[in-house]
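Visitor: Got model-v9.csv for you, CSV, C-alpha atoms and all ligand atoms:
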```
chain,number,residue,atom,x,y,z
A,198,MET,CA,9.7,-10.9,37.9
A,199,ASN,CA,13.3,-9.8,38.1
A,200,THR,CA,15.1,-7.5,35.7
A,201,VAL,CA,16.8,-10.4,33.8
A,202,THR,CA,13.5,-12.1,32.8
A,203,TYR,CA,12.1,-8.7,31.9
A,204,VAL,CA,15.0,-7.8,29.6
A,205,PHE,CA,15.1,-11.3,28.2
A,206,GLY,CA,11.4,-11.1,27.2
A,207,ILE,CA,12.0,-7.8,25.4
A,208,ILE,CA,15.1,-9.1,23.6
A,209,ALA,CA,13.2,-12.2,22.4
A,210,ALA,CA,10.4,-10.1,21.1
A,211,LEU,CA,12.8,-7.7,19.4
A,212,ILE,CA,14.7,-10.6,17.8
A,213,ALA,CA,11.5,-12.1,16.4
A,214,LEU,CA,10.5,-8.8,15.0
A,215,ALA,CA,13.9,-8.2,13.5
A,216,VAL,CA,13.9,-11.6,11.7
A,217,VAL,CA,10.5,-10.9,10.2
A,218,ILE,CA,11.4,-7.4,9.0
A,219,GLU,CA,14.8,-8.5,7.6
A,220,SER,CA,13.0,-11.3,5.7
A,221,LEU,CA,10.6,-8.7,4.3
A,222,ARG,CA,13.4,-6.5,3.3
A,223,ARG,CA,15.2,-9.3,1.4
A,224,HIS,CA,12.0,-10.3,-0.4
A,225,HIS,CA,12.3,-13.6,1.5
A,226,LEU,CA,8.8,-13.2,2.8
A,227,ARG,CA,5.8,-11.9,1.0
A,228,GLU,CA,3.7,-9.2,2.7
A,229,ARG,CA,0.6,-11.3,3.2
A,230,HIS,CA,2.7,-14.0,4.9
A,231,ALA,CA,4.6,-11.6,7.1
A,232,VAL,CA,1.6,-9.8,8.4
A,233,TRP,CA,0.7,-12.4,11.1
A,234,TRP,CA,4.3,-12.7,12.3
A,235,LEU,CA,4.6,-8.9,12.5
A,236,LEU,CA,1.4,-8.7,14.5
A,237,ALA,CA,2.5,-11.5,16.9
A,238,GLY,CA,5.9,-9.9,17.3
A,239,LEU,CA,4.4,-6.5,18.1
A,240,VAL,CA,2.0,-8.0,20.7
A,241,ALA,CA,4.9,-9.9,22.2
A,242,LEU,CA,6.9,-6.7,22.4
A,243,VAL,CA,4.1,-4.7,24.1
A,244,VAL,CA,3.5,-7.5,26.6
A,245,SER,CA,7.2,-7.8,27.4
A,246,VAL,CA,7.6,-4.1,27.9
A,247,PHE,CA,4.4,-3.6,29.8
A,248,PRO,CA,3.8,-6.9,31.6
A,249,ASP,CA,0.7,-5.4,33.3
A,250,THR,CA,-1.2,-5.4,30.0
A,251,LEU,CA,-1.1,-9.3,30.1
A,252,GLY,CA,-2.7,-9.4,33.6
A,253,TRP,CA,-5.3,-6.8,32.5
A,254,ALA,CA,-6.1,-8.8,29.3
A,255,ALA,CA,-6.3,-12.1,31.2
A,256,ALA,CA,-8.7,-10.5,33.8
A,257,LEU,CA,-10.8,-9.1,31.0
A,258,VAL,CA,-11.5,-12.4,29.4
A,259,GLY,CA,-11.6,-14.3,32.7
A,260,VAL,CA,-8.4,-16.3,32.5
A,261,THR,CA,-7.1,-16.9,36.0
A,262,VAL,CA,-3.4,-17.6,35.1
A,263,PRO,CA,-2.2,-14.9,32.7
A,264,THR,CA,0.5,-17.2,31.2
A,265,ASN,CA,-2.3,-19.5,30.0
A,266,LEU,CA,-3.6,-16.6,27.9
A,267,VAL,CA,-0.2,-16.4,26.3
A,268,PHE,CA,-0.2,-20.1,25.5
A,269,PHE,CA,-3.7,-19.9,24.1
A,270,LEU,CA,-3.0,-17.0,21.9
A,271,SER,CA,0.3,-18.4,20.7
A,272,ILE,CA,-1.3,-21.7,19.7
A,273,ALA,CA,-4.2,-19.9,18.1
A,274,VAL,CA,-1.8,-17.9,15.9
A,275,LEU,CA,0.2,-21.0,15.0
A,276,VAL,CA,-2.9,-22.9,14.0
A,277,LEU,CA,-4.3,-20.1,11.9
A,278,VAL,CA,-0.9,-19.6,10.1
A,279,SER,CA,-0.7,-23.3,9.4
A,280,ILE,CA,-4.2,-23.3,7.9
A,281,GLN,CA,-3.2,-20.3,5.8
A,282,HIS,CA,-0.1,-22.1,4.6
A,283,SER,CA,-2.0,-25.3,3.8
A,284,GLY,CA,-4.3,-23.1,1.7
A,285,GLU,CA,-1.4,-21.5,-0.1
A,286,LEU,CA,0.1,-24.8,-0.8
A,287,THR,CA,-3.1,-26.1,-2.3
A,288,GLU,CA,-3.3,-23.0,-4.5
A,289,LEU,CA,0.4,-23.5,-5.6
A,290,GLU,CA,-0.3,-27.1,-6.5
A,291,ALA,CA,-3.3,-26.1,-8.6
A,292,GLU,CA,-1.1,-23.4,-10.3
A,293,THR,CA,1.7,-25.9,-11.0
A,294,ARG,CA,-0.8,-28.2,-12.5
A,295,THR,CA,-2.2,-25.5,-14.8
A,296,LEU,CA,1.4,-24.5,-15.8
A,297,ALA,CA,2.3,-28.1,-16.5
A,298,GLU,CA,-0.8,-28.6,-18.7
A,299,THR,CA,0.0,-25.3,-20.5
A,300,VAL,CA,3.6,-26.4,-21.2
A,301,ALA,CA,2.5,-29.9,-22.4
A,302,LEU,CA,-0.2,-28.4,-24.7
A,303,GLN,CA,2.3,-25.9,-26.1
A,304,ASP,CA,4.9,-28.7,-26.6
A,305,LEU,CA,2.3,-30.6,-28.7
A,306,ARG,CA,1.5,-27.5,-30.7
A,307,ILE,CA,5.2,-26.8,-31.4
A,308,LYS,CA,5.7,-30.5,-32.5
A,309,GLU,CA,2.7,-30.3,-34.8
A,310,LEU,CA,4.0,-27.0,-36.2
A,311,GLU,CA,7.4,-28.4,-36.8
A,312,LYS,CA,5.9,-31.4,-38.6
A,313,ALA,CA,3.7,-29.2,-40.7
A,314,VAL,CA,6.7,-26.9,-41.6
A,315,ALA,CA,8.9,-30.0,-42.4
A,316,ASP,CA,6.2,-31.4,-44.6
A,317,ALA,CA,5.7,-28.1,-46.4
A,318,LEU,CA,9.5,-27.9,-47.1
A,319,GLN,CA,9.8,-31.5,-48.2
A,320,PRO,CA,9.0,-31.2,-51.9
A,321,ARG,CA,11.3,-28.3,-52.3
A,322,ARG,CA,14.3,-30.2,-50.9
A,323,ASN,CA,13.9,-33.3,-53.1
A,324,PRO,CA,12.5,-32.0,-56.4
B,293,MET,CA,15.0,4.1,-43.1
B,294,GLY,CA,11.5,5.7,-43.2
B,295,VAL,CA,10.2,8.6,-41.3
B,296,MET,CA,11.4,8.8,-37.6
B,297,PRO,CA,8.6,7.2,-35.6
B,298,THR,CA,6.7,9.5,-33.3
B,299,ALA,CA,6.7,9.1,-29.5
B,300,LEU,CA,3.2,7.6,-29.7
B,301,GLU,CA,4.3,5.0,-32.3
B,302,ARG,CA,7.1,3.9,-30.0
B,303,THR,CA,4.6,3.5,-27.1
B,304,LEU,CA,3.0,0.3,-26.1
B,305,ILE,CA,-0.4,0.5,-24.4
B,306,VAL,CA,-0.6,-2.3,-21.9
B,307,MET,CA,-4.0,-3.2,-20.6
B,308,PRO,CA,-4.1,-5.7,-17.6
B,309,ALA,CA,-7.4,-7.6,-17.9
B,310,PHE,CA,-9.1,-10.0,-15.6
B,311,ASN,CA,-12.5,-11.2,-16.6
B,312,GLU,CA,-13.3,-8.0,-18.6
B,313,GLU,CA,-15.1,-9.5,-21.6
B,314,GLU,CA,-17.8,-6.9,-21.4
B,315,SER,CA,-15.6,-3.9,-21.8
B,316,VAL,CA,-12.1,-4.9,-23.1
B,317,ALA,CA,-13.0,-4.9,-26.8
B,318,ALA,CA,-14.6,-1.4,-26.6
B,319,VAL,CA,-11.6,0.0,-24.8
B,320,VAL,CA,-9.2,-1.5,-27.3
B,321,ARG,CA,-11.2,0.0,-30.2
B,322,GLU,CA,-11.3,3.4,-28.4
B,323,VAL,CA,-7.6,3.3,-27.9
B,324,PHE,CA,-6.9,2.6,-31.6
B,325,ALA,CA,-9.4,5.3,-32.5
B,326,THR,CA,-7.9,8.0,-30.2
B,327,VAL,CA,-4.2,7.2,-30.4
B,328,PRO,CA,-3.0,7.1,-34.0
B,329,GLY,CA,-0.3,4.5,-34.6
B,330,ALA,CA,-0.7,2.9,-31.2
B,331,SER,CA,0.3,-0.7,-30.3
B,332,CYS,CA,-1.9,-2.3,-27.8
B,333,LEU,CA,-1.1,-5.3,-25.6
B,334,VAL,CA,-3.8,-6.9,-23.5
B,335,VAL,CA,-2.5,-9.1,-20.7
B,336,ASP,CA,-5.2,-11.6,-20.0
B,337,ASP,CA,-4.4,-12.7,-16.5
B,338,GLY,CA,-5.9,-16.1,-16.4
B,339,SER,CA,-9.5,-14.9,-17.1
B,340,VAL,CA,-12.2,-17.6,-17.1
B,341,ASP,CA,-14.4,-15.6,-19.6
B,342,GLN,CA,-14.0,-14.6,-23.2
B,343,THR,CA,-11.6,-11.7,-22.5
B,344,TYR,CA,-8.9,-13.2,-24.7
B,345,ARG,CA,-11.2,-13.6,-27.8
B,346,GLU,CA,-12.8,-10.1,-27.3
B,347,ALA,CA,-9.4,-8.4,-27.1
B,348,GLU,CA,-8.1,-10.2,-30.1
B,349,SER,CA,-11.2,-9.5,-32.2
B,350,ALA,CA,-10.7,-5.8,-31.4
B,351,GLY,CA,-7.2,-6.0,-32.9
B,352,ALA,CA,-5.0,-6.1,-29.8
B,353,THR,CA,-2.1,-8.4,-29.3
B,354,VAL,CA,-3.0,-10.6,-26.4
B,355,LEU,CA,-0.5,-12.1,-23.9
B,356,ARG,CA,-2.4,-14.9,-22.1
B,357,LEU,CA,-1.1,-15.8,-18.7
B,358,PRO,CA,-2.0,-19.4,-17.7
B,359,ILE,CA,-2.4,-18.4,-14.0
B,360,ASN,CA,-3.5,-15.3,-12.3
B,361,LEU,CA,-0.5,-13.1,-11.3
B,362,GLY,CA,-2.4,-9.9,-10.3
B,363,VAL,CA,-2.2,-6.5,-11.9
B,364,GLY,CA,1.5,-6.1,-10.9
B,365,GLY,CA,2.5,-9.5,-12.3
B,366,ALA,CA,0.6,-8.8,-15.6
B,367,MET,CA,2.2,-5.4,-15.9
B,368,ARG,CA,5.7,-6.8,-15.4
B,369,ALA,CA,5.0,-9.2,-18.2
B,370,GLY,CA,3.9,-6.2,-20.3
B,371,PHE,CA,7.1,-4.3,-19.5
B,372,LYS,CA,9.2,-7.4,-20.5
B,373,TYR,CA,7.3,-7.6,-23.8
B,374,ALA,CA,7.9,-3.9,-24.4
B,375,LEU,CA,11.6,-4.2,-23.8
B,376,GLU,CA,11.9,-7.3,-26.0
B,377,LYS,CA,10.0,-5.7,-28.9
B,378,GLY,CA,11.9,-2.4,-28.6
B,379,PHE,CA,9.2,-0.1,-27.4
B,380,ALA,CA,10.5,3.0,-25.7
B,381,ASN,CA,7.4,3.8,-23.5
B,382,VAL,CA,4.6,1.9,-21.8
B,383,VAL,CA,1.2,3.3,-20.9
B,384,GLN,CA,-1.0,1.3,-18.6
B,385,VAL,CA,-4.7,1.6,-19.3
B,386,ASP,CA,-7.3,-0.3,-17.3
B,387,SER,CA,-9.5,-2.5,-19.4
B,388,ASP,CA,-12.7,-1.7,-17.6
B,389,GLY,CA,-13.0,1.6,-19.4
B,390,GLN,CA,-12.3,3.9,-16.5
B,391,HIS,CA,-9.3,5.5,-18.1
B,392,ASP,CA,-10.1,7.9,-20.9
B,393,PRO,CA,-7.7,7.1,-23.8
B,394,ALA,CA,-7.8,10.8,-24.7
B,395,GLY,CA,-5.3,11.3,-21.8
B,396,ILE,CA,-2.7,9.0,-23.3
B,397,ALA,CA,-1.2,11.5,-25.7
B,398,GLU,CA,-0.7,14.0,-22.9
B,399,LEU,CA,0.9,11.5,-20.6
B,400,VAL,CA,3.3,10.5,-23.3
B,401,GLU,CA,4.1,14.1,-24.1
B,402,ARG,CA,5.3,14.6,-20.5
B,403,LEU,CA,7.7,11.7,-20.9
B,404,ASP,CA,9.9,14.1,-22.8
B,405,ASP,CA,11.3,15.4,-19.5
B,406,HIS,CA,10.1,12.8,-16.9
B,407,ASP,CA,10.6,9.1,-16.5
B,408,LEU,CA,7.2,8.3,-15.0
B,409,VAL,CA,3.9,10.3,-15.5
B,410,LEU,CA,0.8,9.5,-13.4
B,411,GLY,CA,-2.7,10.3,-14.6
B,412,ALA,CA,-4.2,11.8,-11.5
B,413,ARG,CA,-7.9,11.5,-10.9
B,414,PHE,CA,-8.4,14.2,-8.3
B,415,ALA,CA,-6.6,17.1,-9.9
B,416,GLY,CA,-9.8,18.9,-11.0
B,417,VAL,CA,-10.8,17.1,-14.3
B,418,GLY,CA,-13.8,14.8,-14.4
B,419,GLN,CA,-16.0,13.9,-11.4
B,420,TYR,CA,-14.4,10.7,-10.1
B,421,THR,CA,-14.8,10.6,-6.3
B,422,VAL,CA,-13.9,8.1,-3.6
B,423,ARG,CA,-15.1,8.3,0.0
B,424,GLY,CA,-14.3,6.8,3.4
B,425,PRO,CA,-11.2,4.9,4.4
B,426,ARG,CA,-10.1,4.4,0.8
B,427,ARG,CA,-10.0,8.2,0.4
B,428,TRP,CA,-8.1,8.8,3.6
B,429,ALA,CA,-5.5,6.1,2.6
B,430,MET,CA,-5.1,7.9,-0.7
B,431,VAL,CA,-4.5,11.3,0.9
B,432,VAL,CA,-1.9,9.9,3.4
B,433,LEU,CA,-0.2,7.9,0.7
B,434,SER,CA,-0.1,11.0,-1.6
B,435,SER,CA,1.6,13.2,1.0
B,436,ILE,CA,4.3,10.7,1.9
B,437,LEU,CA,5.0,9.7,-1.7
B,438,SER,CA,5.0,13.4,-2.8
B,439,ARG,CA,7.9,14.0,-0.4
B,440,LEU,CA,9.7,10.9,-1.6
B,441,THR,CA,9.4,11.8,-5.3
B,442,ARG,CA,9.9,15.5,-4.7
B,443,THR,CA,6.9,16.5,-6.7
B,444,LYS,CA,3.2,17.1,-5.9
B,445,LEU,CA,1.2,13.9,-6.3
B,446,THR,CA,-2.5,13.8,-5.5
B,447,ASP,CA,-3.4,10.3,-6.7
B,448,THR,CA,-0.7,7.7,-6.2
B,449,THR,CA,-3.0,4.7,-6.6
B,450,SER,CA,-3.9,5.6,-10.1
B,451,GLY,CA,-3.2,2.8,-12.6
B,452,PHE,CA,-3.3,5.2,-15.5
B,453,ARG,CA,0.4,6.0,-16.0
B,454,ALA,CA,3.1,6.3,-18.6
B,455,SER,CA,6.6,5.0,-18.2
B,456,GLY,CA,9.6,6.2,-20.2
B,457,PRO,CA,12.6,4.1,-21.4
B,458,ARG,CA,14.4,4.2,-18.0
B,459,ALA,CA,11.2,3.3,-16.1
B,460,VAL,CA,10.4,0.5,-18.6
B,461,ALA,CA,13.9,-1.0,-18.0
B,462,LEU,CA,13.6,-0.7,-14.3
B,463,PHE,CA,10.0,-2.1,-14.1
B,464,ALA,CA,10.7,-5.0,-16.4
B,465,GLN,CA,13.0,-6.3,-13.6
B,466,HIS,CA,11.4,-4.9,-10.5
B,467,TYR,CA,7.6,-4.5,-10.6
B,468,PRO,CA,5.8,-5.6,-7.4
B,469,SER,CA,3.0,-8.0,-7.6
B,470,GLU,CA,1.6,-7.6,-4.2
B,471,TYR,CA,-1.8,-5.9,-3.9
B,472,LEU,CA,-1.2,-2.1,-4.0
B,473,GLY,CA,2.5,-2.8,-4.5
B,474,ASP,CA,2.1,-2.3,-8.2
B,475,THR,CA,1.0,1.4,-7.7
B,476,VAL,CA,2.5,2.3,-4.3
B,477,GLU,CA,5.7,0.4,-4.1
B,478,SER,CA,6.6,0.9,-7.7
B,479,LEU,CA,6.6,4.7,-7.1
B,480,VAL,CA,9.0,4.2,-4.2
B,481,ILE,CA,11.2,2.0,-6.4
B,482,ALA,CA,11.2,4.6,-9.1
B,483,ALA,CA,12.0,7.5,-6.7
B,484,ARG,CA,14.9,5.6,-5.2
B,485,ALA,CA,16.3,4.6,-8.6
B,486,LYS,CA,16.4,8.4,-9.1
B,487,LEU,CA,13.7,8.4,-11.8
B,488,THR,CA,11.7,11.6,-12.1
B,489,VAL,CA,8.0,11.5,-11.5
B,490,THR,CA,5.2,13.9,-12.4
B,491,GLN,CA,1.5,13.9,-12.7
B,492,VAL,CA,-1.1,15.1,-15.2
B,493,ALA,CA,-4.8,15.7,-14.4
B,494,VAL,CA,-7.0,13.2,-16.2
B,495,ALA,CA,-10.8,12.5,-16.2
B,496,MET,CA,-11.9,9.2,-14.8
B,497,ARG,CA,-15.1,7.5,-15.9
B,498,PRO,CA,-17.3,4.9,-14.2
B,499,ARG,CA,-16.7,1.3,-15.2
B,500,ALA,CA,-18.0,0.3,-18.7
B,501,GLY,CA,-19.1,-3.2,-17.5
B,502,GLY,CA,-18.2,-6.0,-15.1
B,503,THR,CA,-18.1,-5.7,-11.3
B,504,PRO,CA,-16.1,-3.2,-9.3
B,505,SER,CA,-13.3,-4.9,-7.3
B,506,HIS,CA,-13.9,-2.9,-4.1
B,507,ASN,CA,-17.0,-3.4,-1.8
B,508,PRO,CA,-17.4,-1.4,1.4
B,509,TYR,CA,-15.7,-4.0,3.5
B,510,LYS,CA,-12.7,-4.2,1.2
B,511,ALA,CA,-12.5,-0.4,1.4
B,512,ALA,CA,-11.8,-0.5,5.2
B,513,VAL,CA,-9.1,-3.2,4.7
B,514,TYR,CA,-7.6,-1.0,2.0
B,515,LEU,CA,-6.3,1.5,4.6
B,516,ALA,CA,-4.3,-1.1,6.4
B,517,ARG,CA,-3.0,-2.7,3.3
B,518,ALA,CA,-2.0,0.6,1.9
B,519,GLY,CA,0.0,1.3,5.1
B,520,MET,CA,1.6,-2.1,4.9
B,521,ALA,CA,2.5,-1.7,1.2
B,522,LEU,CA,4.2,1.7,2.0
B,523,PHE,CA,6.0,0.4,5.1
B,524,VAL,CA,7.4,-2.6,3.2
B,525,ALA,CA,8.4,-0.4,0.2
B,526,LEU,CA,10.2,2.0,2.6
B,527,ILE,CA,12.2,-0.6,4.5
B,528,ARG,CA,13.4,-2.4,1.4
B,529,PRO,CA,16.8,-1.5,0.0
B,530,PRO,CA,16.8,0.7,-3.2
B,531,VAL,CA,17.4,-1.0,-6.5
B,532,ALA,CA,19.6,0.7,-9.0
B,533,LEU,CA,18.8,1.3,-12.6
B,534,ARG,CA,21.5,-0.3,-14.8
B,535,GLU,CA,22.5,2.2,-17.4
B,536,PRO,CA,22.7,2.6,-20.4
B,537,VAL,CA,19.3,1.4,-21.3
B,538,VAL,CA,18.0,4.1,-23.6
B,539,SER,CA,17.5,2.9,-27.1
B,540,LEU,CA,15.9,5.5,-29.3
A,601,LIG,N1,-3.9,-8.7,-14.7
A,601,LIG,C1,-4.8,-8.5,-13.8
A,601,LIG,N2,-5.6,-7.5,-13.9
A,601,LIG,C2,-6.6,-7.3,-13.1
A,601,LIG,C3,-6.8,-8.2,-12.0
A,601,LIG,N3,-7.9,-7.7,-11.3
A,601,LIG,C4,-8.3,-6.6,-11.9
A,601,LIG,N4,-7.5,-6.3,-13.0
A,601,LIG,C5,-7.5,-5.3,-14.0
A,601,LIG,O1,-7.0,-4.1,-13.4
A,601,LIG,C6,-7.8,-3.0,-13.9
A,601,LIG,C7,-8.3,-2.2,-12.7
A,601,LIG,O2,-9.1,-3.1,-11.9
A,601,LIG,P1,-10.4,-2.6,-11.2
A,601,LIG,O3,-11.1,-3.9,-10.7
A,601,LIG,O4,-11.2,-1.8,-12.1
A,601,LIG,O5,-9.8,-1.8,-10.0
A,601,LIG,P2,-9.9,-0.3,-9.7
A,601,LIG,O6,-10.1,0.5,-11.0
A,601,LIG,O7,-8.8,0.1,-8.8
A,601,LIG,O8,-11.3,-0.3,-8.8
A,601,LIG,P3,-12.8,-0.1,-9.3
A,601,LIG,O9,-12.9,0.1,-10.7
A,601,LIG,O10,-13.3,1.0,-8.5
A,601,LIG,O11,-13.4,-1.4,-8.9
A,601,LIG,C8,-8.8,-3.5,-14.8
A,601,LIG,O12,-8.3,-3.4,-16.1
A,601,LIG,C9,-8.9,-5.0,-14.4
A,601,LIG,O13,-9.3,-5.8,-15.5
A,601,LIG,C10,-6.0,-9.3,-11.8
A,601,LIG,O14,-6.1,-10.1,-10.9
A,601,LIG,N5,-5.0,-9.4,-12.8
A,602,MG,MG,-11.4,0.1,-12.3
```
Could I get this file's structure written as structure tokens?
Guide:
Amino acid sequence: MNTVTYVFGIIAALIALAVVIESLRRHHLRERHAVWWLLAGLVALVVSVFPDTLGWAAALVGVTVPTNLVFFLSIAVLVLVSIQHSGELTELEAETRTLAETVALQDLRIKELEKAVADALQPRRNP
Amino acid sequence: MGVMPTALERTLIVMPAFNEEESVAAVVREVFATVPGASCLVVDDGSVDQTYREAESAGATVLRLPINLGVGGAMRAGFKYALEKGFANVVQVDSDGQHDPAGIAELVERLDDHDLVLGARFAGVGQYTVRGPRRWAMVVLSSILSRLTRTKLTDTTSGFRASGPRAVALFAQHYPSEYLGDTVESLVIAARAKLTVTQVAVAMRPRAGGTPSHNPYKAAVYLARAGMALFVALIRPPVALREPVVSL
């Protein structure tokens, strides 16, 4: 590995981390969504700064080609995050439904109230 | 105009409640009995039990959220209500009976010269204890937040706290809803908006009913989440308090 690829790896990891942290700062990303990206970014940074850790980890779990471990882990993170997002989406839809029902029921109550008030005022207006 | 209302009469007691039917009515009654002239708002955060009816039967005003927003979300709704109804101060009291309403008067008294007063559980009164990772997290949080707020804080995750007019105005806009954000990040937000913070020793009691929210596994995760909450709070840009807000 030459110096260019070494530096490139570090810069890519730093950019990823910077994007996540900036999104957190601007309230663009909630903590519980950011945490996986933060972890992935940190691991990427460690591996790019100390490439030996990758070879060591690959040997540890018995993966012959270290890059395959990278692919495996990246895909695993992506799959887990999409599952989390699907879950959140489902939850949001359930919440929207509850909110819509609440609004509709309130609307009905207000209409009934308006009608009751109008009826109560009726005799006074035309004596 | 009548007699000038006392500080306690201008205070709204906000009680976030999530499935607390067993204890909420007793706590509301105790608050009314201990704090003369108090107004009490229970924020029912999408409970599936009878929390709403219980709280109402005890005489509290109940704000019923259709979906669960978490303690922080419920509290911000409470701050907005307080602002709208012209209350000067807000005191947060848990509806599980762990906060002794006898401490409310003292918290509000200290609002005379501070914007935010925390009821601290480890300052020598009562026998509330926490062990393990949750305890360590609290110690680390306290030392960092003490430095930030320039005052000695020993229990920064306490939900028993009083907010003065400046804090109410700030929190009605910026009150975090993330887990632990409501206690930890709100302190950072307050400190950075140049609000003054202090603490008062209070006694803490065991729950009056219901189930505790933290089992041993959650306690371990607590440490990491507390660190995350603090990290996020510290990297975020400060929000300014828009003055003038004091309406007395
Ligand atoms: N609004 C709202 N309030 C909640 C929620 N979960 C808990 N609460 C309330 O927040 C207060 C404190 O909650 P607890 O579960 O007692 O949390 P804790 O006091 O930190 O921990 P333990 O009492 O030791 O379990 C109580 O009044 C609860 O009813 C929630 O999701 N939304
Ligand atoms: Mg409690």
Visitor: Could you list, as a list in words, every residue of chain B that has an atom within 9 Å of an atom of chain A, counting all atoms listed in the file?
Guide: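 Close enough to count are Pro358, Ile359, Asn360, Glu470, Met520, Ala521, Val524, Ala525, Ile527, Arg528 and Pro529 of chain B.
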Visitor: Take the residues just selected and output them with C-alpha atoms as a PDB file, keeping the file's coordinate frame.
Guide:
```pdb
ATOM      1  CA  PRO B 358      -2.000 -19.400 -17.700  1.00  0.00           C
ATOM      2  CA  ILE B 359      -2.400 -18.400 -14.000  1.00  0.00           C
ATOM      3  CA  ASN B 360      -3.500 -15.300 -12.300  1.00  0.00           C
ATOM      4  CA  GLU B 470       1.600  -7.600  -4.200  1.00  0.00           C
ATOM      5  CA  MET B 520       1.600  -2.100   4.900  1.00  0.00           C
ATOM      6  CA  ALA B 521       2.500  -1.700   1.200  1.00  0.00           C
ATOM      7  CA  VAL B 524       7.400  -2.600   3.200  1.00  0.00           C
ATOM      8  CA  ALA B 525       8.400  -0.400   0.200  1.00  0.00           C
ATOM      9  CA  ILE B 527      12.200  -0.600   4.500  1.00  0.00           C
ATOM     10  CA  ARG B 528      13.400  -2.400   1.400  1.00  0.00           C
ATOM     11  CA  PRO B 529      16.800  -1.500   0.000  1.00  0.00           C
TER      12      PRO B 529
END
```
Visitor: Please write out the residues within 8 Å of ligand LIG 601 (chain A) as a PyMOL selection string, counting all atoms listed in the file.
Guide: chain B and resi 307-312+335-338+360-367+385-390+449-451+498-499+503-506
Visitor: Compare B:Thr343, B:Ser478, B:Gln384, B:Ser331 by their minimum atom-to-atom distance to Leu437 of chain B, counting only C-alpha atoms, and give me the closest one.
Guide: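 Using only C-alpha atoms, Leu437 of chain B sits closest to B:Ser478.
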Visitor: Using only C-alpha atoms, which residue out of A:Val201, A:Ala213, A:Val276, A:Leu318 lies closest to Val240 of chain A?
Guide: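 Of the candidates, the smallest distance to Val240 of chain A is held by A:Ala213.
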Visitor: One decimal, in Å: what's the spacing between atom CA of Asp447 of chain B and atom CA of Ser469 of chain B?
Guide: 19.4 Å
Visitor: Please compute the atom CA of Thr353 of chain B-atom CA of Arg321 of chain B distance, one decimal, in Å.
Guide: 12.4 Å
Visitor: To one decimal place, how far is atom CA of Ala512 of chain B from atom CA of Ser435 of chain B in Å?
Guide: 19.6 Å
Visitor: May I ask which of the residues B:Glu301, B:Glu376, B:Asp404, B:Asp392 is the closest one to ligand MG 602 (chain A), counting only C-alpha atoms and all ligand atoms?
Guide: B:Asp392
Visitor: Excluding same-chain residues fewer than 4 positions from Val327 of chain B, what lies within 12 Å of it counting all atoms listed in the file, as a ChimeraX atom specification?
Guide: /B:298-305,319-323,331-332,383,392-400
Visitor: Between B:Ala485, B:Ser349, B:Arg497, B:Gly370, single out the one closest to ligand MG 602 (chain A), counting all atoms listed in the file.
Guide: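 Ranked by minimum distance to ligand MG 602 (chain A), first place goes to B:Arg497.
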Visitor: Could you name the residues that touch segment 250-255 of chain A at 12 Å or less, counting all atoms listed in the file, but leaving out those on the same chain fewer than 3 positions away, as number ranges by chain?
Guide: A: 240-247, 258-270
Visitor: Mind filling out segment 259-266 of chain A with N, CA, C and O atoms and sending it as a compact mmCIF listing (two decimals), in the frame of the given file?
Guide:
```txt
# COMPACT_ATOMS: atom_id res chain seq x y z
N GLY A 259 -11.32 -13.31 31.64
CA GLY A 259 -11.60 -14.30 32.70
C GLY A 259 -10.67 -15.45 32.77
O GLY A 259 -11.03 -16.53 33.22
N VAL A 260 -9.40 -15.24 32.34
CA VAL A 260 -8.40 -16.30 32.50
C VAL A 260 -7.66 -16.09 33.78
O VAL A 260 -7.12 -15.00 34.01
N THR A 261 -7.65 -17.11 34.65
CA THR A 261 -7.10 -16.90 36.00
C THR A 261 -5.55 -16.78 35.93
O THR A 261 -4.98 -15.90 36.57
N VAL A 262 -4.89 -17.68 35.21
CA VAL A 262 -3.40 -17.60 35.10
C VAL A 262 -3.04 -16.91 33.82
O VAL A 262 -3.26 -17.44 32.74
N PRO A 263 -2.47 -15.69 33.93
CA PRO A 263 -2.20 -14.90 32.70
C PRO A 263 -1.35 -15.66 31.67
O PRO A 263 -1.58 -15.50 30.47
N THR A 264 -0.38 -16.49 32.13
CA THR A 264 0.50 -17.20 31.20
C THR A 264 -0.38 -18.11 30.26
O THR A 264 -0.03 -18.34 29.11
N ASN A 265 -1.48 -18.63 30.81
CA ASN A 265 -2.30 -19.50 30.00
C ASN A 265 -2.90 -18.71 28.78
O ASN A 265 -3.08 -19.28 27.71
N LEU A 266 -3.15 -17.43 28.98
CA LEU A 266 -3.60 -16.60 27.90
C LEU A 266 -2.55 -16.54 26.79
O LEU A 266 -2.84 -16.62 25.58
```
